[in-house]
Amino acid sequence: MTQIRRLFRTPWLGPLLALFALYALFTVLAPDTFARQSNLQTMLRQTAVVGIAAVGMTFTIVLGGIDLSVGSAVALTTVVVAECLRAGMGPIAAAALGVLTGGMLGLCNGALVTGLKISPFIVTLGTMSMLRGLAKGIADEQKIDADPRGLDGLMQSHASSFLFPPGVWLMLIATLFGVGLLTYTKVGRQIVAVGSNAETARLCGISIPKTTLFVYALSGLLVGLAGVLEFSTLTVGDPTDSVGLELEVIAAVVIGGGSLSGGQGSASGTLVGALLLTVIKAGCTHLGLPNWVQEIFTGFIIVIAMSIDRLRQRAR
Amino acid sequence: MTESAAPALLRVAGLNKSFGATRALSNVELTLRAGEVHALLGENGAGKSTLLKILAGTQSADGGSIELAGRPYAPRAPQQAQALGVAFVSQEPALCPDLSVAENILLGALPARFGWIDRAEQNRRAGAALARVLPKGAPLPEFAQRAGDLGHGDRQLVCLARALAQAECRILILDEPTSTLNSNEAERLFDVVRELTKNGIAVLYVSHFLEEVERIAHRYTVLRDGKFVHSGAIAGTARSELVKLMAGRDVQELFPRSERSPGEVVLDLQELAGPRMPITASLSLRRGEVLGIAGLLGAGRTELLRAIFGLDRVKSGTLRVKGIIGPGSPARRLAQGVDLLSEDRKGQGLAEALSLGDNITLSTLESLGPFGLVSPKKRAAIAQSYLERLGVRARGPEQQARDLSGGNQQKICFARLLQHGADVLLLDEPTRGVDVGSRADLYRIIDELASRGNAVLMISSYLPELLGVCDRIAVMVRGKLGPARSASELSEHALLLEATG
């Protein structure tokens, strides 16, 4: 009985049902195209970048923070990876440097938030613009062509990949990692504690600056990984790419039960949120609906998800 | 009750602390003995909080000495205080609502192996800590339960368990522990405190409720204006004596009562019932009188005021305001001259981030200038007049409301009611969390309002206050309001009997 009640309290149960319902709906409406198995593959692939960045954003939001610089950081990462490849680096080294770039940018965000005691919204609003500019400066405001061999395979299904392209596996692993970290590790519970009530956490001896730095750096590493996958998709370094990606990422977290006031959110819910966004997009495309319908629909789903969450909180 | 043989566990002498030019503590002394409950008494602003903060390690003293079991004690952080055995439980239970009960108890030292939480060990330790703060035989709360879903009483127990779990606790500081508890929960807390003292723990107990202090404490120390006033045994000290020490004035002055002449009926209820509470309430309130409503927490008193003010639906019965029956909404009631002072000052009464001037004039902005403009000069002038009239201790109209003590904040709430021009005032626990000195000011204000022909309907859980301030008192029991009787015919004893009957 308590098991069932607990299940109903799972914040992402609603979105999960909505995900299945929408999937079923589009399958019925566009049986020839949407229901095809290759489309499932495509949709998972399209979710990978948002999904991985959103796991990082889950940590940030659970901590009570926010990161608006995700889109710019992804673009900057694609540029860095492309430049590295052009400089003659191997694909693994270039990808590693891309991930580290994301981590460094995250660390900078965290340092600004803790050091200057400015709200993360303002800090990352600033770095969003700075990183975008930096990406454009490095790339000389052009797309950077580089030989993507070795990295382009990340987002393609081929004989050696098991069921899904490696990028999709990375997304699933990142999600599992996120679930494990937030639920079962000491640092994860400390993140929840800080987001839930920072003052109490501080009085209990949890270092808020350290936790904040850790979260933004970790979240940055995942953004870096998302950037590498984005490069793999684009096969060029593009400083104008991923504008507004952060909003999609935040939407995924929030649909999945994340609370912008901190303390609540889960990586599994976030994955559901990210998939839901992709299914809406893909479904609308398959139905031949214009882009604007899709955008209205997406926004509608976000608002609905929030109001359902509100009701759930009140029922408690 | 005193055990004079018990050794001094904590000895504070000549303690000083200043904030800028304000002297918060000067030459304060305090001696805590092992196994005693020691009440720290004083008005708001007397320096109790500052002393507690210094003992808990969140602030450091400027001068003086503190000795814990004979060794100098000067914690620089709460964790250090805890490690030395001094635990602090704040007034509002400080919990992380999204964490589980067990996690909240062990938050400072979550048991983990290579970073992974050891759930079994966590539950074992949390259980041990909870067992110490639960009366014998009481069921343990579920460890995995979300702490935010607990009631106030259970939250406090979790905080207590945490305080005791973190290190070998020798001194437990409780700041207004019962202010958010109902009477059952408070009784449970008293049992726990008694149990702890049996094990040699000294409890420093801060409370505004003297009845409570008389029941639980062995000795007391009174502070006033940051200075040590007196210390002694509770047994053999009269309550009036304690109040006198705290306020520095006689108790009799507390309840001024000028000539009041009841006029026409302005509020008339006939068998009023709300959706759940009240079940039935009939009363008539006249101009120039103060009608009190006594009762236990949860008896439906707040719901009655909410129904009158139009915040809750009226299910049946009639409600006449100044002779008019009609649907109520807060806006309509305000227009009729009815205003409500909420019991939840922070949540519903005051915009803490705004200035005093803004708070006072918030509901009457149209009077501050033409075409929706707000004249800061006019606002300041209006606010200043209230600050003087109500005796608010503040720097001026531009000060933020959150900087004020509870009593002074409540005066600001009163000022807004007055500025509104309301003549039927619904007051819900107007002196909750207000120190003795400011209470006297509030009583004076209520008396002044009544003598000028305003009608006041007032809820209070503090019986001496009801008896002192009101002309008539009715008792509410489980949603049913009894008949109003003249306060002069009633006693604390009689009211209590009726309320619990």
# chains A, B, ... in the order shown; residues from 1 in each chain; ligands from 1
$ residues_around --residues "B:Ala83" --least-positions-apart "6" --cutoff "8 Å" --atoms "only C-alpha atoms" --output "ChimeraX atom specification"
/B:166-168
$ interface_residues --of "chain B" --to "chain A" --cutoff "7 Å" --atoms "only C-alpha atoms" --output "JSON, numbers by chain"
{"B": [78, 79, 94, 95, 96, 97, 98, 99, 107, 108, 110, 112, 115, 116, 117]}
$ write_last_selection --atoms "N, CA and C atoms" --output "compact mmCIF listing (two decimals), in the first residue's frame"
# COMPACT_ATOMS: atom_id res chain seq x y z
N PRO B 78 29.17 26.64 14.55
CA PRO B 78 28.20 25.75 15.18
C PRO B 78 28.73 24.33 15.33
N GLN B 79 29.49 23.86 14.33
CA GLN B 79 29.99 22.49 14.40
C GLN B 79 30.92 22.32 15.59
N ALA B 94 14.61 23.63 12.06
CA ALA B 94 15.49 23.79 10.90
C ALA B 94 15.70 22.44 10.26
N LEU B 95 14.91 22.17 9.24
CA LEU B 95 15.00 20.89 8.55
C LEU B 95 15.21 21.10 7.07
N CYS B 96 15.71 20.06 6.41
CA CYS B 96 15.68 20.03 4.97
C CYS B 96 14.44 19.23 4.58
N PRO B 97 13.39 19.90 4.14
CA PRO B 97 12.11 19.21 3.93
C PRO B 97 12.20 18.09 2.90
N ASP B 98 13.13 18.17 1.96
CA ASP B 98 13.18 17.16 0.90
C ASP B 98 14.01 15.94 1.28
N LEU B 99 14.65 15.99 2.43
CA LEU B 99 15.41 14.82 2.86
C LEU B 99 14.54 13.96 3.78
N LEU B 107 22.40 14.60 9.32
CA LEU B 107 22.87 15.43 8.21
C LEU B 107 24.34 15.83 8.32
N GLY B 108 24.79 16.13 9.51
CA GLY B 108 26.18 16.56 9.66
C GLY B 108 27.16 15.44 9.42
N LEU B 110 26.57 12.01 7.65
CA LEU B 110 25.90 10.90 6.99
C LEU B 110 26.88 9.73 6.90
N ALA B 112 28.78 6.82 5.41
CA ALA B 112 28.99 6.43 4.02
C ALA B 112 30.26 5.61 3.90
N GLY B 115 31.88 7.05 -0.14
CA GLY B 115 30.94 8.01 -0.73
C GLY B 115 29.52 7.49 -0.85
N TRP B 116 29.34 6.15 -0.73
CA TRP B 116 27.98 5.61 -0.83
C TRP B 116 27.35 5.56 0.54
N ILE B 117 26.11 6.03 0.59
CA ILE B 117 25.39 6.06 1.86
C ILE B 117 25.17 4.64 2.37
$ residues_around --residues "stretch 149-165 of chain B" --least-positions-apart "4" --cutoff "7 Å" --atoms "only C-alpha atoms" --output "list of chain:residue names"
B:Ala87, B:Phe88, B:Val89, B:Pro93, B:Ala94, B:Val101, B:Ile105, B:Leu106, B:Ala129, B:Leu130, B:Val133, B:Cys169, B:Thr180, B:Leu181, B:Glu185
$ select_by_dssp --residues "stretch 71-178 of chain B" --states "strand (DSSP E or B)" --output "list of chain:residue names"
B:Arg71, B:Pro72, B:Val86, B:Ala87, B:Phe88, B:Val89, B:Ser100, B:Ala112, B:Arg113, B:Trp116, B:Ile117, B:Arg146, B:Ile171, B:Leu172, B:Ile173, B:Leu174, B:Asp175
$ write_last_selection --atoms "C-alpha atoms" --output "PDB file, in the first residue's frame"
ATOM      1  CA  ARG B  71      37.632  24.763  30.330  1.00  0.00           C
ATOM      2  CA  PRO B  72      37.463  27.990  28.303  1.00  0.00           C
ATOM      3  CA  VAL B  86      26.498  22.191  23.064  1.00  0.00           C
ATOM      4  CA  ALA B  87      23.490  21.662  20.813  1.00  0.00           C
ATOM      5  CA  PHE B  88      21.040  24.328  19.695  1.00  0.00           C
ATOM      6  CA  VAL B  89      17.463  23.774  18.545  1.00  0.00           C
ATOM      7  CA  SER B 100      14.207  11.832   4.833  1.00  0.00           C
ATOM      8  CA  ALA B 112      28.989   6.428   4.024  1.00  0.00           C
ATOM      9  CA  ARG B 113      31.435   3.917   2.633  1.00  0.00           C
ATOM     10  CA  TRP B 116      27.981   5.610  -0.834  1.00  0.00           C
ATOM     11  CA  ILE B 117      25.394   6.064   1.861  1.00  0.00           C
ATOM     12  CA  ARG B 146      10.085  12.974   3.819  1.00  0.00           C
ATOM     13  CA  ILE B 171      24.030  21.246  27.003  1.00  0.00           C
ATOM     14  CA  LEU B 172      20.840  21.533  25.004  1.00  0.00           C
ATOM     15  CA  ILE B 173      19.597  25.002  24.079  1.00  0.00           C
ATOM     16  CA  LEU B 174      15.898  25.233  23.243  1.00  0.00           C
ATOM     17  CA  ASP B 175      14.688  28.532  21.789  1.00  0.00           C
TER      18      ASP B 175
END
$ residues_around --residues "B:Ile54" --least-positions-apart "4" --cutoff "10 Å" --atoms "only C-alpha atoms" --output "ChimeraX atom specification"
/B:15,17,49-50,58-61,66,74-78,81
$ write_last_selection --atoms "N, CA and C atoms" --output "CSV table (one decimal), in the first residue's frame"
chain,number,residue,atom,x,y,z
B,15,LEU,N,30.1,38.8,30.1
B,15,LEU,CA,30.1,38.7,28.7
B,15,LEU,C,29.6,40.0,28.0
B,17,LYS,N,28.9,42.1,24.2
B,17,LYS,CA,28.8,42.0,22.7
B,17,LYS,C,28.2,43.3,22.2
B,49,SER,N,18.7,36.3,22.4
B,49,SER,CA,19.1,35.7,21.1
B,49,SER,C,20.6,35.8,20.9
B,50,THR,N,21.1,37.0,21.3
B,50,THR,CA,22.6,37.2,21.1
B,50,THR,C,23.3,36.2,22.0
B,58,THR,N,27.4,30.7,16.5
B,58,THR,CA,27.2,31.4,15.3
B,58,THR,C,27.7,32.9,15.4
B,59,GLN,N,27.9,33.3,16.6
B,59,GLN,CA,28.5,34.6,16.8
B,59,GLN,C,29.6,34.5,17.9
B,60,SER,N,30.5,35.5,17.9
B,60,SER,CA,31.5,35.4,18.9
B,60,SER,C,31.4,36.6,19.9
B,61,ALA,N,31.8,36.5,21.1
B,61,ALA,CA,31.7,37.6,22.1
B,61,ALA,C,32.8,38.6,21.9
B,66,ILE,N,33.6,32.4,29.1
B,66,ILE,CA,32.7,31.3,29.1
B,66,ILE,C,33.5,30.1,29.5
B,74,ALA,N,35.0,28.9,23.6
B,74,ALA,CA,34.7,30.0,22.6
B,74,ALA,C,34.6,29.4,21.2
B,75,PRO,N,33.5,28.8,20.9
B,75,PRO,CA,33.3,28.1,19.6
B,75,PRO,C,33.3,29.2,18.5
B,76,ARG,N,33.9,28.8,17.4
B,76,ARG,CA,33.9,29.8,16.3
B,76,ARG,C,32.9,29.4,15.2
B,77,ALA,N,32.4,28.2,15.3
B,77,ALA,CA,31.4,27.7,14.4
B,77,ALA,C,30.4,26.8,15.1
B,78,PRO,N,29.2,26.6,14.6
B,78,PRO,CA,28.2,25.8,15.2
B,78,PRO,C,28.7,24.3,15.3
B,81,ALA,N,30.8,24.0,18.4
B,81,ALA,CA,30.0,24.0,19.6
B,81,ALA,C,29.4,22.6,19.8
$ atom_distance --atom1 "atom CA of B:Gly292" --atom2 "atom CA of B:Asp471"
7.7 Å
$ closest_residue --among "A:Pro166, A:Lys210, A:Leu116, A:Gly106" --to "A:Asp67" --atoms "only C-alpha atoms"
A:Gly106
$ closest_residue --among "A:Leu13, A:Ala252, A:Ile208, A:Ala87" --to "A:Gly56" --atoms "only C-alpha atoms"
A:Ala252
